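Student: Quick one: this structure, given as structure tokens, is what I'll be asking you about.
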Amino acid sequence: MSKAKTVYRCEQCGTDHSKWAGQCSECGEWNSLLEVRLDTATPHRARPKVSGGYAGQASSVTTLKDVSISHESRLPTGISEFDRVLGGGLVTGSVVLIGGDPGIGKSTILLQTATHMADTKRAALYVTGEESLSQVALRAQRLDLPTTHLKVMAETCVERICEVLAQERPAVAILDSIQTLYTETLQSAPGGVSQIRESAALLTRFAKHSGTALFIVGHVTKEGALAGPRVLEHMVDCVLYFEGQSDSRYRMIRAVKNRFGAVNELGVFGMTDKGLKEVSNPSAIFLSRYDEAIPGSIVMISREGTRPLLVEVQALVDDAHGQARRVSLGLDQNRLNMLLAVMHRHGGIQTTGQDVYVNIVGGLKITETGSDLAVLLACASSLRGKSLPQQLAVFGEVGLSGEIRPVPNGQERLKEAIKHGFEYIILPRANAPQKPIPGVKVIAVARLHEALSEALQLEN
């Protein structure tokens with residue numbers, strides 16, 4: 001069998017070169033040449049007829065109503081929080097890409113998943129390209145994991161891995177990591193853009209044809225994005241990101257893409273000496289507050305995926321020594337600047353000449369707009385030096401004209417706050433319950449100045 005021909009193609013102008021160079025001779029762009037494999041096209045009449053609907057298979061044109069629908073079968077991972085992030089379990093034939101900072105727990109949770117599935121009579125294969133088999137065995141022994149049925153292999157060649165997967169036919173395979181794999185059809189080093197793209201394409205095609213579910217570990221850059229081409233995230237079915245700080249014992253897995261479940265679903269775990277343990281009530285770990293109320297602290301009712309979550313928001317507003325600073329941890333800084341301008345214009349509270357620091361407790365990253373009202377109330381509380389009641393919870397989006405806009409799933413958020421014993425709840429008027437709730441004072445507001453007035457008048 002002749003080796004496939006490769007060329008170096010410019011990402012900017014598309015010009016092909018016979019060998020790599022630092023600069024494209026056609027457009028003059030630097031570091032834009034990528035190795036591309038040129039496959040010899042197989043004549044259409046020579047292709048075997050294959051039934052199914054996966055990409056890469058020969059198929060005939062049909063109408064959408066004639067397509068047979070089969071409900072995807074899901075495999076439980078043995079960790080309920082992990083199943084929640086995946087949308088209820090691992091779908092057969094799916095490809096899941098999981099990324100995160102070094103040492104955050106990617107290999108640990110996948111080894112826990114592999115050993116559990118192998119121990120429950122579901123064939124699993126753990127392929128390591130970064131560690132030796134003895135290192136994997138030592139980790140499993142340290143975590144007290146069952147190792148009797150789990151099969152392991154140390155390999156980095158994609159073609160060899162696909163051959164072994166075809167022979168073993170496991171229900172799930174774990175590849176750690178994609179940056180260490182290479183395909184023999186390309187001459188570039190493992191970890192390059194071309195190698196990652198081609199290796200991921202081969203593995204994805206194999207998973208769709210064989211029905212084997214794949215977990216692929218991906219490295220991240222110093223900015224926190226997955227290393228390699230962006231097309232890598234488009235190829236796979238699910239993209240998961242590990243979140244959390246190295247000095248914190250809590251870890252969070254967030255689904256940023258999921259073809260079989262909710263996007264932005266969040267799973268919370270605690271890192272122990274025996275691996276990652278699921279946290280069944282995440283709201284409790286984010287509400288470790290002081291015994292007495294302090295200015296600048298408030299509880300926000302957020303929503304991550306399908307789960308309402310109670311999170312403490314802290315703000316510190318102080319006189320600036322020099323140019324005023326705006327610093328936010330766990331919140332978009334541009335949105336913080338916008339909210340402070342709205343509070344000045346429509347709430348009558350000015351932060352010009354003040355340093356403003358906002359922190360989401362627990363290392364959580366909030367991306368939804370339902371946090372707007374809580375952030376502004378925390379800032380106003382810190383600036384005025386007036387503490388808000390500890391039994392106060394808030395949610396709502398703030399518009400540029402000072403209106404308090406409703407947020408999705410308001411009733412679920414309200415129930416979560418009531419379940420944790422909160423007595424005061426400030427929310428948008430459109431999210432207000434139709435009937436009074438015994439023991440709870442629900443304050444529905446339509447404008448920002450109303451919310452500021454009502455919150456600052458509450459007594460502890």
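Quick note on naming: the chains in the structure tokens go A, B, ... in the order shown, residues restart at 1 in each chain, and ligands are numbered from 1 in order of appearance.
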Which residues, written as number ranges by chain, have at least one atom at most 6 Å from Gly330 (chain A), with only C-alpha atoms counted and residues fewer than 6 positions away on the same chain left out?

Tutor: A: 360, 364-366

Student: How would the residues just chosen look if you wrote them out with C-alpha atoms as an mmCIF file, in the first residue's frame?

Tutor:
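This is the output file out.cif:
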data_model
loop_
_atom_site.group_PDB
_atom_site.id
_atom_site.type_symbol
_atom_site.label_atom_id
_atom_site.label_comp_id
_atom_site.auth_asym_id
_atom_site.auth_seq_id
_atom_site.Cartn_x
_atom_site.Cartn_y
_atom_site.Cartn_z
ATOM 1 C CA ILE A 360 -18.065 35.019 43.101
ATOM 2 C CA LEU A 364 -17.529 29.600 40.259
ATOM 3 C CA LYS A 365 -17.830 31.369 36.905
ATOM 4 C CA ILE A 366 -21.212 32.988 36.303
#

Student: Report as a list in words all protein, DNA and RNA residues lying within 10 Å of Glu278 (chain A), evaluated on only C-alpha atoms, omitting residues in the same chain fewer than 4 positions from it.

Tutor: Ile79, Ser80, Glu81, Phe82, Tyr250, Arg251, Met252, Gly267, Val268, Phe269, Gly270, Met271 and Pro282 of chain A

Student: Which of these, A:Pro438, A:Gly322, A:Gly105, A:Gly305, has the shortest distance to Lys274 (chain A) once you count only C-alpha atoms?

Tutor: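 Ranking A:Pro438, A:Gly322, A:Gly105, A:Gly305 by distance to Lys274 (chain A), first place goes to A:Gly105.
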
Student: Name all residues at most 10 Å from Lys151 (chain A) (count only C-alpha atoms; drop same-chain ones fewer than 4 positions away) and give them as a PyMOL selection string.

Tutor: chain A and resi 114-115+118+123-127+147+168+170+173

Student: Create the file for the chosen residues now, containing C-alpha atoms and written as a PDB file, in the first residue's frame.

Tutor:
ATOM      1  CA  ALA A 114     -13.339   3.291  33.490  1.00  0.00           C
ATOM      2  CA  THR A 115     -12.873   1.061  36.532  1.00  0.00           C
ATOM      3  CA  ALA A 118     -15.424  -2.407  33.750  1.00  0.00           C
ATOM      4  CA  ALA A 123     -15.920  -3.629  28.673  1.00  0.00           C
ATOM      5  CA  ALA A 124     -13.629  -0.618  29.066  1.00  0.00           C
ATOM      6  CA  LEU A 125     -10.184   0.168  27.695  1.00  0.00           C
ATOM      7  CA  TYR A 126      -7.864   2.848  29.074  1.00  0.00           C
ATOM      8  CA  VAL A 127      -5.253   4.005  26.542  1.00  0.00           C
ATOM      9  CA  THR A 147      -8.621  -3.106  38.730  1.00  0.00           C
ATOM     10  CA  GLU A 168     -11.532  -5.753  21.831  1.00  0.00           C
ATOM     11  CA  PRO A 170     -15.137  -2.154  24.362  1.00  0.00           C
ATOM     12  CA  ALA A 173     -12.480   3.752  25.593  1.00  0.00           C
TER      13      ALA A 173
END

Student: Can you pull out every residue within 9 Å of Gln245 (chain A), counting only C-alpha atoms, but drop anything in the same chain fewer than 2 positions away, and send it as a ChimeraX atom specification?

Tutor: /A:104,243,247-251,362-363

Student: Just the strand (DSSP E) stuff from region 75-307 of chain A, please, per backbone DSSP, written as number ranges by chain.

Tutor: A: 75, 90-91, 95-99, 124-128, 151-154, 172-176, 213-218, 238-243, 250-258, 266-272, 275-278, 297-304, 307

Student: So that I can check the surroundings of Gln391 (chain A), please list as a ChimeraX atom specification every protein, DNA and RNA residue that reaches within 9 Å of it, counting only C-alpha atoms and ignoring chain neighbours fewer than 2 positions away.

Tutor: /A:299,388-389,393,421-425,460

Student: Please dump the current selection as a PDB file, in the first residue's frame; keep N, CA and C atoms.

Tutor:
ATOM      1  N   VAL A 299     -26.610  36.901  48.595  1.00  0.00           N
ATOM      2  CA  VAL A 299     -26.784  35.592  47.978  1.00  0.00           C
ATOM      3  C   VAL A 299     -27.552  35.747  46.665  1.00  0.00           C
ATOM      4  N   LEU A 388     -26.690  43.855  54.289  1.00  0.00           N
ATOM      5  CA  LEU A 388     -27.992  43.328  53.892  1.00  0.00           C
ATOM      6  C   LEU A 388     -28.322  42.098  54.730  1.00  0.00           C
ATOM      7  N   PRO A 389     -29.600  41.780  54.921  1.00  0.00           N
ATOM      8  CA  PRO A 389     -29.962  40.607  55.731  1.00  0.00           C
ATOM      9  C   PRO A 389     -29.358  39.325  55.181  1.00  0.00           C
ATOM     10  N   ALA A 393     -32.140  36.693  49.384  1.00  0.00           N
ATOM     11  CA  ALA A 393     -31.649  36.131  48.128  1.00  0.00           C
ATOM     12  C   ALA A 393     -32.208  36.957  46.975  1.00  0.00           C
ATOM     13  N   GLY A 421     -34.308  28.063  53.311  1.00  0.00           N
ATOM     14  CA  GLY A 421     -34.752  28.866  54.441  1.00  0.00           C
ATOM     15  C   GLY A 421     -34.608  30.360  54.304  1.00  0.00           C
ATOM     16  N   PHE A 422     -34.539  30.919  53.112  1.00  0.00           N
ATOM     17  CA  PHE A 422     -34.433  32.360  52.944  1.00  0.00           C
ATOM     18  C   PHE A 422     -35.798  33.016  53.173  1.00  0.00           C
ATOM     19  N   GLU A 423     -35.779  34.155  53.886  1.00  0.00           N
ATOM     20  CA  GLU A 423     -37.016  34.817  54.280  1.00  0.00           C
ATOM     21  C   GLU A 423     -37.354  36.003  53.382  1.00  0.00           C
ATOM     22  N   TYR A 424     -36.356  36.598  52.721  1.00  0.00           N
ATOM     23  CA  TYR A 424     -36.576  37.732  51.820  1.00  0.00           C
ATOM     24  C   TYR A 424     -36.033  37.364  50.444  1.00  0.00           C
ATOM     25  N   ILE A 425     -36.830  37.611  49.418  1.00  0.00           N
ATOM     26  CA  ILE A 425     -36.401  37.323  48.054  1.00  0.00           C
ATOM     27  C   ILE A 425     -36.795  38.505  47.172  1.00  0.00           C
ATOM     28  N   ASN A 460     -31.765  43.623  59.454  1.00  0.00           N
ATOM     29  CA  ASN A 460     -31.222  42.286  59.729  1.00  0.00           C
ATOM     30  C   ASN A 460     -32.012  41.610  60.832  1.00  0.00           C
TER      31      ASN A 460
END
